Amino acid sequence: MLMRTDPFRELDRIAQQLMAPGGTWSRPAAMPMDAYRDGDRYVLAYDLPGVSPDAIDIDVDGHTLIVKAERRPVAGENSEVRMERAERPLGVFSRQVVLSDNLDIDNIEADYEAGVLTVRIPVTERAKARKITVRSRSGRERNEQLTG
């Protein structure tokens with residue numbers, strides 16, 4: 001149900017992740033994601049440890065789901081904290097996923113717990129499996145299971 005339109009996008013995402021773990025608003029870094037089907041919905045799980053829920057933006061533009069998040073420094077700008085070591089990537093992270101027509105983009109749900117953003121997208125009614133009755137000319141009926 002998820003579609004990919006650019007075969008080089010994944011390579012660019014991996015290269016970006018290896019070279020620059022944090023990003024800017026004009027050039028955000030990629031974030032790790034799992035995608036799977038759970039019954040009648042697709043689930044996308046994004047790793048966003050240390051990101052405040054109010055720093056996460058989720059938008060749908062046409063059939064493209066866009067997730068952006070920003071991990072800010074723990075120490076504020078006016079703080080007297082002196083960093084001794086900063087290994088965790090900071091900055092802006094983003095991921096775009098092209099969704100198929102068989103997903104209900106009007107009923108997307110999202111929650112954030114333990115550093116994981118989970119987005120659930122229901123499958124449309126027309127894409128769900130359904131039974132079709134097949135009639136023969138003799139009047140007998142037979143049920144067939146069709147999957148979509």
# chains A, B, ... in the order shown; residues from 1 in each chain; ligands from 1
>>> closest_atom_pairs(of="stretch 49-82 of chain A", to="stretch 114-119 of chain A", cutoff="10 Å", atoms="only C-alpha atoms", output="Markdown table")
| residue | atom | partner | partner_atom | distance |
| --- | --- | --- | --- | --- |
| A:Pro49 | CA | A:Gly115 | CA | 4.0 |
| A:Gly50 | CA | A:Gly115 | CA | 6.4 |
| A:Val51 | CA | A:Gly115 | CA | 7.0 |
| A:Ser52 | CA | A:Gly115 | CA | 8.8 |
| A:Pro53 | CA | A:Leu117 | CA | 8.9 |
| A:Ile56 | CA | A:Leu117 | CA | 8.9 |
| A:Ile58 | CA | A:Val119 | CA | 9.3 |
| A:Leu65 | CA | A:Val119 | CA | 9.9 |
| A:Val67 | CA | A:Leu117 | CA | 9.6 |
>>> atom_distance(atom1="atom CA of A:Ser100", atom2="atom CA of A:Ile121")
10.8 Å
>>> residues_around(residues="A:Val123", least_positions_apart="6", cutoff="10 Å", atoms="only C-alpha atoms", output="PyMOL selection string")
chain A and resi 1+37+39-42+100-105+107
>>> atom_distance(atom1="atom CA of A:Lys68", atom2="atom CA of A:Pro89")
14.8 Å
>>> select_by_dssp(residues="stretch 13-117 of chain A", states="strand (DSSP E)", output="ChimeraX atom specification")
/A:29-30,33-38,41-47,56-61,64-71,91-99,109-113,116-117
>>> closest_residue(among="A:Glu70, A:Asp59, A:Glu109, A:Asp38", to="A:Phe93", atoms="only C-alpha atoms")
A:Glu70
>>> atom_distance(atom1="atom CA of A:Val97", atom2="atom CA of A:Arg130")
27.5 Å
>>> closest_residue(among="A:Ile108, A:Val60, A:Ala86, A:Ala30", to="A:Tyr46", atoms="only C-alpha atoms")
A:Ala30
>>> closest_residue(among="A:Leu90, A:Ala55, A:Leu99, A:Ile66", to="A:Tyr112", atoms="only C-alpha atoms")
A:Ala55
